[in-house]
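Here the structure comes first, spelled out in structure tokens, and everything after it is commentary.
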Amino acid sequence: MAIPETTWIHLLDERAPHLTEEVAPTKLLPYLNLSKWDKENIVCDERNLGPAYATSTLLDKLKRRNGPKGWKTFDALVRALRNIGNQQSALLLDPSINIPYGN
């Protein structure tokens, strides 16, 4: 189900305090379609500044990927959270489980 751009970006902003506390950003990277440069920045941020800062960087990079197919970025994030076992965070973003399980 396609989510309007402003809705998923607003939802990420709204849930950011929880996500920055609960998410290990480098565990999500294999499941997300980000550039090598973006992934390296996130890894460096986690190593040098901590996971909360790196999660904030990750969310910013995901929000910049909005556009005609930006909702696919949101879907990929929810699936990545499920893949690493972070069901609580996935449910905060997709409480009605509209995004199907799988890759």
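Identifiers in this document derive from the order of the structure tokens: chains are assigned A, B, ..., residues are numbered from 1 separately in each chain, and ligands are numbered from 1 in order of occurrence.
Every protein, DNA or RNA residue with an atom at most 7 Å from region 28-44 of chain A, where only C-alpha atoms count and chain neighbours fewer than 5 positions away do not, is listed here: Ala54, Thr57, Leu58, Ala76, Leu77, Ala80 and Leu81 of chain A.
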I'd like the contact shell of Asp60 (chain A) - 10 Å cut-off, only C-alpha atoms, skipping same-chain residues fewer than 6 positions apart - returned as a list in words.
Ile9, Leu12, Asp13 and Ala54 of chain A
Per DSSP on the backbone, what are the alpha helix (DSSP H) residues of chain A, as a ChimeraX atom specification?
/A:5-22,25-28,36-49,51-63,71-83,87-93
Could the residues in this selection be written to a file with C-alpha atoms, as an mmCIF file, in the first residue's frame?
data_model
loop_
_atom_site.group_PDB
_atom_site.id
_atom_site.type_symbol
_atom_site.label_atom_id
_atom_site.label_comp_id
_atom_site.auth_asym_id
_atom_site.auth_seq_id
_atom_site.Cartn_x
_atom_site.Cartn_y
_atom_site.Cartn_z
ATOM 1 C CA GLU A 5 5.197 11.190 0.940
ATOM 2 C CA THR A 6 4.415 13.684 3.653
ATOM 3 C CA THR A 7 2.775 10.993 5.770
ATOM 4 C CA TRP A 8 5.749 8.638 5.983
ATOM 5 C CA ILE A 9 8.220 11.479 6.469
ATOM 6 C CA HIS A 10 6.042 12.943 9.225
ATOM 7 C CA LEU A 11 5.760 9.493 10.796
ATOM 8 C CA LEU A 12 9.556 9.076 10.810
ATOM 9 C CA ASP A 13 9.903 12.489 12.464
ATOM 10 C CA GLU A 14 7.252 11.603 15.032
ATOM 11 C CA ARG A 15 8.810 8.223 15.866
ATOM 12 C CA ALA A 16 12.443 9.435 15.743
ATOM 13 C CA PRO A 17 12.840 9.660 19.555
ATOM 14 C CA HIS A 18 11.962 5.972 19.908
ATOM 15 C CA LEU A 19 13.967 4.893 16.883
ATOM 16 C CA THR A 20 17.116 6.708 18.010
ATOM 17 C CA GLU A 21 16.962 4.824 21.316
ATOM 18 C CA GLU A 22 16.042 1.375 20.014
ATOM 19 C CA PRO A 25 21.578 1.448 12.461
ATOM 20 C CA THR A 26 24.490 -0.579 11.109
ATOM 21 C CA LYS A 27 22.400 -3.756 11.398
ATOM 22 C CA LEU A 28 19.832 -2.205 9.056
ATOM 23 C CA LYS A 36 28.141 3.197 -0.329
ATOM 24 C CA TRP A 37 28.983 6.743 0.765
ATOM 25 C CA ASP A 38 25.822 7.004 2.895
ATOM 26 C CA LYS A 39 26.482 3.618 4.489
ATOM 27 C CA GLU A 40 30.078 4.572 5.311
ATOM 28 C CA ASN A 41 28.900 7.822 6.915
ATOM 29 C CA ILE A 42 26.420 5.937 9.080
ATOM 30 C CA VAL A 43 29.050 3.374 10.144
ATOM 31 C CA CYS A 44 31.492 6.181 11.027
ATOM 32 C CA ASP A 45 28.811 8.076 12.945
ATOM 33 C CA GLU A 46 27.958 4.974 14.961
ATOM 34 C CA ARG A 47 31.601 4.269 15.717
ATOM 35 C CA ASN A 48 32.566 7.854 16.580
ATOM 36 C CA LEU A 49 29.384 9.452 17.889
ATOM 37 C CA PRO A 51 24.170 4.635 17.711
ATOM 38 C CA ALA A 52 21.609 7.358 18.489
ATOM 39 C CA TYR A 53 23.469 9.897 16.362
ATOM 40 C CA ALA A 54 23.954 7.326 13.587
ATOM 41 C CA THR A 55 20.241 6.485 13.627
ATOM 42 C CA SER A 56 19.447 10.167 13.237
ATOM 43 C CA THR A 57 21.820 10.294 10.253
ATOM 44 C CA LEU A 58 20.162 7.196 8.776
ATOM 45 C CA LEU A 59 16.675 8.680 9.127
ATOM 46 C CA ASP A 60 17.804 11.929 7.496
ATOM 47 C CA LYS A 61 19.265 10.036 4.552
ATOM 48 C CA LEU A 62 16.072 7.990 4.161
ATOM 49 C CA LYS A 63 13.877 11.109 4.241
ATOM 50 C CA TRP A 71 7.324 5.243 -0.026
ATOM 51 C CA LYS A 72 9.401 2.228 -1.122
ATOM 52 C CA THR A 73 12.159 3.568 1.125
ATOM 53 C CA PHE A 74 9.730 3.545 4.044
ATOM 54 C CA ASP A 75 8.594 0.007 3.206
ATOM 55 C CA ALA A 76 12.230 -1.128 3.068
ATOM 56 C CA LEU A 77 12.899 0.398 6.497
ATOM 57 C CA VAL A 78 9.944 -1.425 8.050
ATOM 58 C CA ARG A 79 11.044 -4.716 6.470
ATOM 59 C CA ALA A 80 14.640 -4.131 7.611
ATOM 60 C CA LEU A 81 13.458 -3.573 11.175
ATOM 61 C CA ARG A 82 11.538 -6.850 11.026
ATOM 62 C CA ASN A 83 14.542 -8.671 9.529
ATOM 63 C CA GLN A 87 9.391 -5.848 15.765
ATOM 64 C CA GLN A 88 8.413 -3.083 18.203
ATOM 65 C CA SER A 89 9.918 -0.357 16.033
ATOM 66 C CA ALA A 90 8.406 -1.899 12.898
ATOM 67 C CA LEU A 91 4.977 -1.859 14.548
ATOM 68 C CA LEU A 92 5.400 1.777 15.569
ATOM 69 C CA LEU A 93 5.884 2.652 11.907
#
Tell me which of A:Arg65, A:Ser96, A:Gly70, A:Ala24 sits closest to Ile84 (chain A), counting only C-alpha atoms.
A:Ala24
